[in-house]
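Dropping model-v2.cif in here (mmCIF, C-alpha atoms, pLDDT in the B column; chains and numbers go by the auth columns):
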data_model
#
loop_
_atom_site.group_PDB
_atom_site.id
_atom_site.type_symbol
_atom_site.label_atom_id
_atom_site.label_comp_id
_atom_site.label_asym_id
_atom_site.label_seq_id
_atom_site.Cartn_x
_atom_site.Cartn_y
_atom_site.Cartn_z
_atom_site.B_iso_or_equiv
_atom_site.auth_seq_id
_atom_site.auth_asym_id
ATOM 1 C CA MET A 1 -57.985 -38.734 -9.598 69.00 1 J
ATOM 2 C CA ASP A 2 -56.575 -39.563 -6.195 77.00 2 J
ATOM 3 C CA LYS A 3 -54.803 -37.307 -3.719 78.00 3 J
ATOM 4 C CA GLU A 4 -51.283 -38.262 -4.855 80.00 4 J
ATOM 5 C CA GLU A 5 -52.100 -37.507 -8.489 80.00 5 J
ATOM 6 C CA ILE A 6 -53.434 -34.039 -7.562 77.00 6 J
ATOM 7 C CA LEU A 7 -50.311 -33.286 -5.496 75.00 7 J
ATOM 8 C CA ARG A 8 -48.002 -34.457 -8.299 81.00 8 J
ATOM 9 C CA ARG A 9 -49.741 -32.242 -10.878 78.00 9 J
ATOM 10 C CA SER A 10 -49.726 -29.261 -8.515 74.00 10 J
ATOM 11 C CA ARG A 11 -45.990 -29.631 -7.924 73.00 11 J
ATOM 12 C CA ALA A 12 -45.362 -29.907 -11.657 73.00 12 J
ATOM 13 C CA GLU A 13 -47.328 -26.695 -12.359 70.00 13 J
ATOM 14 C CA ASN A 14 -45.536 -24.652 -9.680 65.00 14 J
ATOM 15 C CA GLN A 15 -42.072 -26.129 -10.079 68.00 15 J
ATOM 16 C CA ASN A 16 -40.191 -23.075 -11.421 66.00 16 J
ATOM 17 C CA LYS A 17 -42.274 -20.258 -9.947 65.00 17 J
ATOM 18 C CA ASP A 18 -39.783 -19.539 -7.139 74.00 18 J
ATOM 19 C CA ILE A 19 -36.840 -19.423 -9.540 78.00 19 J
ATOM 20 C CA TYR A 20 -38.716 -17.029 -11.812 78.00 20 J
ATOM 21 C CA GLU A 21 -39.577 -14.769 -8.874 76.00 21 J
ATOM 22 C CA LEU A 22 -35.919 -14.715 -7.792 74.00 22 J
ATOM 23 C CA GLU A 23 -34.803 -13.787 -11.307 82.00 23 J
ATOM 24 C CA VAL A 24 -37.351 -10.976 -11.536 79.00 24 J
ATOM 25 C CA THR A 25 -36.336 -9.670 -8.103 78.00 25 J
ATOM 26 C CA GLY A 26 -32.650 -9.781 -9.056 81.00 26 J
ATOM 27 C CA LYS A 27 -33.259 -7.865 -12.282 84.00 27 J
ATOM 28 C CA ALA A 28 -35.371 -5.303 -10.430 84.00 28 J
ATOM 29 C CA GLN A 29 -32.611 -4.777 -7.867 82.00 29 J
ATOM 30 C CA ARG A 30 -30.006 -4.317 -10.612 84.00 30 J
ATOM 31 C CA ALA A 31 -32.238 -1.805 -12.380 84.00 31 J
ATOM 32 C CA GLY A 32 -32.813 0.061 -9.121 84.00 32 J
ATOM 33 C CA GLY A 33 -29.093 0.164 -8.412 82.00 33 J
ATOM 34 C CA LEU A 34 -28.354 1.433 -11.896 84.00 34 J
ATOM 35 C CA VAL A 35 -30.934 4.205 -11.553 86.00 35 J
ATOM 36 C CA ALA A 36 -29.500 5.185 -8.152 84.00 36 J
ATOM 37 C CA ILE A 37 -26.008 5.395 -9.641 84.00 37 J
ATOM 38 C CA CYS A 38 -27.281 7.512 -12.554 85.00 38 J
ATOM 39 C CA VAL A 39 -29.076 9.876 -10.166 86.00 39 J
ATOM 40 C CA ALA A 40 -25.946 10.248 -8.020 84.00 40 J
ATOM 41 C CA PHE A 41 -23.862 10.925 -11.128 83.00 41 J
ATOM 42 C CA ALA A 42 -26.387 13.492 -12.387 86.00 42 J
ATOM 43 C CA LEU A 43 -26.396 15.261 -9.016 84.00 43 J
ATOM 44 C CA MET A 44 -22.610 15.311 -9.026 81.00 44 J
ATOM 45 C CA VAL A 45 -22.522 16.909 -12.484 83.00 45 J
ATOM 46 C CA ILE A 46 -25.253 19.422 -11.631 85.00 46 J
ATOM 47 C CA GLU A 47 -23.514 20.452 -8.429 82.00 47 J
ATOM 48 C CA SER A 48 -20.058 20.813 -9.937 79.00 48 J
ATOM 49 C CA VAL A 49 -20.961 22.281 -13.352 80.00 49 J
ATOM 50 C CA LEU A 50 -24.167 24.224 -12.952 80.00 50 J
ATOM 51 C CA LEU A 51 -23.665 25.353 -9.373 79.00 51 J
ATOM 52 C CA ASP A 52 -19.927 25.901 -9.877 75.00 52 J
ATOM 53 C CA SER A 53 -19.112 23.995 -6.720 74.00 53 J
ATOM 54 C CA SER A 54 -16.071 21.916 -5.865 75.00 54 J
ATOM 55 C CA VAL A 55 -16.174 18.157 -6.337 70.00 55 J
ATOM 56 C CA ASN A 56 -18.329 16.431 -3.772 75.00 56 J
ATOM 57 C CA TYR A 57 -16.723 13.067 -3.068 79.00 57 J
ATOM 58 C CA ALA A 58 -19.889 11.779 -1.396 84.00 58 J
ATOM 59 C CA TYR A 59 -21.353 11.178 -4.848 82.00 59 J
ATOM 60 C CA PHE A 60 -18.211 9.311 -5.884 81.00 60 J
ATOM 61 C CA LEU A 61 -18.503 7.249 -2.721 87.00 61 J
ATOM 62 C CA ILE A 62 -22.065 6.233 -3.595 85.00 62 J
ATOM 63 C CA ILE A 63 -21.174 5.318 -7.164 84.00 63 J
ATOM 64 C CA LEU A 64 -17.956 3.492 -6.275 86.00 64 J
ATOM 65 C CA SER A 65 -19.491 1.557 -3.388 88.00 65 J
ATOM 66 C CA ALA A 66 -22.080 0.055 -5.734 85.00 66 J
ATOM 67 C CA GLY A 67 -19.357 -1.169 -8.088 85.00 67 J
ATOM 68 C CA MET A 68 -17.248 -2.382 -5.188 89.00 68 J
ATOM 69 C CA VAL A 69 -20.030 -4.562 -3.782 89.00 69 J
ATOM 70 C CA LEU A 70 -20.811 -5.984 -7.205 85.00 70 J
ATOM 71 C CA TRP A 71 -17.217 -7.010 -7.886 86.00 71 J
ATOM 72 C CA LEU A 72 -16.586 -8.259 -4.342 89.00 72 J
ATOM 73 C CA TYR A 73 -19.663 -10.467 -4.553 87.00 73 J
ATOM 74 C CA LYS A 74 -18.658 -11.830 -7.961 86.00 74 J
ATOM 75 C CA ALA A 75 -15.072 -12.430 -6.805 88.00 75 J
ATOM 76 C CA VAL A 76 -16.215 -14.387 -3.757 90.00 76 J
ATOM 77 C CA LYS A 77 -18.758 -16.454 -5.681 86.00 77 J
ATOM 78 C CA MET A 78 -16.824 -17.121 -8.898 86.00 78 J
ATOM 79 C CA ARG A 79 -13.211 -17.042 -7.629 86.00 79 J
ATOM 80 C CA LYS A 80 -11.781 -15.781 -10.916 86.00 80 J
ATOM 81 C CA LYS A 81 -8.530 -13.817 -10.856 88.00 81 J
ATOM 82 C CA HIS A 82 -9.679 -10.910 -13.025 87.00 82 J
ATOM 83 C CA GLU A 83 -12.778 -10.425 -10.866 87.00 83 J
ATOM 84 C CA MET A 84 -10.637 -10.461 -7.721 91.00 84 J
ATOM 85 C CA LEU A 85 -8.369 -7.833 -9.293 93.00 85 J
ATOM 86 C CA LEU A 86 -11.345 -5.645 -10.190 90.00 86 J
ATOM 87 C CA ALA A 87 -12.737 -6.093 -6.667 91.00 87 J
ATOM 88 C CA VAL A 88 -9.435 -4.862 -5.221 93.00 88 J
ATOM 89 C CA ILE A 89 -9.379 -1.851 -7.578 93.00 89 J
ATOM 90 C CA TRP A 90 -12.999 -0.903 -6.806 91.00 90 J
ATOM 91 C CA THR A 91 -12.330 -1.323 -3.074 93.00 91 J
ATOM 92 C CA ALA A 92 -9.270 0.931 -3.230 94.00 92 J
ATOM 93 C CA LEU A 93 -11.205 3.598 -5.129 91.00 93 J
ATOM 94 C CA THR A 94 -14.064 3.381 -2.635 91.00 94 J
ATOM 95 C CA ILE A 95 -11.682 3.744 0.310 93.00 95 J
ATOM 96 C CA TYR A 96 -10.101 6.776 -1.400 90.00 96 J
ATOM 97 C CA ALA A 97 -13.528 8.387 -1.867 88.00 97 J
ATOM 98 C CA ALA A 98 -14.442 7.644 1.761 90.00 98 J
ATOM 99 C CA VAL A 99 -11.226 9.290 2.976 91.00 99 J
ATOM 100 C CA MET A 100 -11.925 12.335 0.821 86.00 100 J
ATOM 101 C CA VAL A 101 -15.456 12.586 2.232 85.00 101 J
ATOM 102 C CA VAL A 102 -14.141 12.427 5.804 88.00 102 J
ATOM 103 C CA LEU A 103 -11.467 15.040 5.033 86.00 103 J
ATOM 104 C CA GLY A 104 -14.200 17.240 3.565 79.00 104 J
ATOM 105 C CA PHE A 105 -16.020 17.153 6.910 76.00 105 J
ATOM 106 C CA ARG A 106 -13.022 18.740 8.605 71.00 106 J
ATOM 107 C CA ARG A 107 -13.377 22.015 6.706 60.00 107 J
#

If you took the structure in this file and wrote it as C-alpha cells, what would it be?
Amino acid sequence: MDKEEILRRSRAENQNKDIYELEVTGKAQRAGGLVAICVAFALMVIESVLLDSSVNYAYFLIILSAGMVLWLYKAVKMRKKHEMLLAVIWTALTIYAAVMVVLGFRR
C-alpha cells in the first residue's frame, strides 16, 4: 500500500464525521434551549401561582426571545412567507415583553 492509497482510505473513513458532529451539536443546542424555556415557564408559574405574585414579564421575555430567534433564523435562511410572518409575530411579542420588563423597573 502506497502513501496515496492510505490517504484515500483515511479520507473515506472520516468523510462524514464533521457532519455528524454538527448534527449532534445542533440537537444538543435545541434540547438545551427547550429545557431553558421549560425552566423559565416553570419559574413563571411558581412565582405567579404559588407565591401569589404579579406576572413577571422577564420570564415571558426569555421564552419569547427564544422563539423569535428561531423564526427569524428560519425566515432568513428559507425565505418562506409563513415563516417571515411568524418571525414578525414573535418579534412583536418579544418587543412587547421587553417594554413591559422596562416599565416594571420604573416601579

Closest pair table for stretch 65-84 of chain J residues within 10 Å of stretch 91-104 of chain J, all atoms listed in the file, as CSV:
residue,atom,partner,partner_atom,distance
J:Ser65,CA,J:Thr94,CA,5.8
J:Ala66,CA,J:Thr94,CA,9.2
J:Gly67,CA,J:Thr91,CA,8.6
J:Met68,CA,J:Thr91,CA,5.5
J:Val69,CA,J:Thr91,CA,8.4
J:Trp71,CA,J:Thr91,CA,8.9
J:Leu72,CA,J:Thr91,CA,8.2

What would the file look like if the residues just selected were written as a compact mmCIF listing (two decimals), in the coordinates of the input with C-alpha atoms?
# COMPACT_ATOMS: atom_id res chain seq x y z
CA SER J 65 -19.49 1.56 -3.39
CA ALA J 66 -22.08 0.06 -5.73
CA GLY J 67 -19.36 -1.17 -8.09
CA MET J 68 -17.25 -2.38 -5.19
CA VAL J 69 -20.03 -4.56 -3.78
CA TRP J 71 -17.22 -7.01 -7.89
CA LEU J 72 -16.59 -8.26 -4.34

Could you tell me which residues the PyMOL selection byres ((chain J and resi 63) around 10) returns for this structure, as a PyMOL selection string? chain J and resi 33-34+36-41+57-62+64-68+94+97

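The space between atom CA of J:Ser53 and atom CA of J:Phe105 spans 15.6 Å.
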
Shortest interatomic distance to J:Leu86 - which of J:Ala12, J:Leu70, J:Ala28, J:Ile46, counting all atoms listed in the file: J:Leu70

For the atom pair atom CA of J:Ile89 and atom CA of J:Val76, what is the interatomic distance in Å to one decimal place?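 Separation between atom CA of J:Ile89 and atom CA of J:Val76: 14.8 Å.
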
Atom CA of J:Lys77 to atom CA of J:Gly26, straight-line distance in Å: 15.8 Å
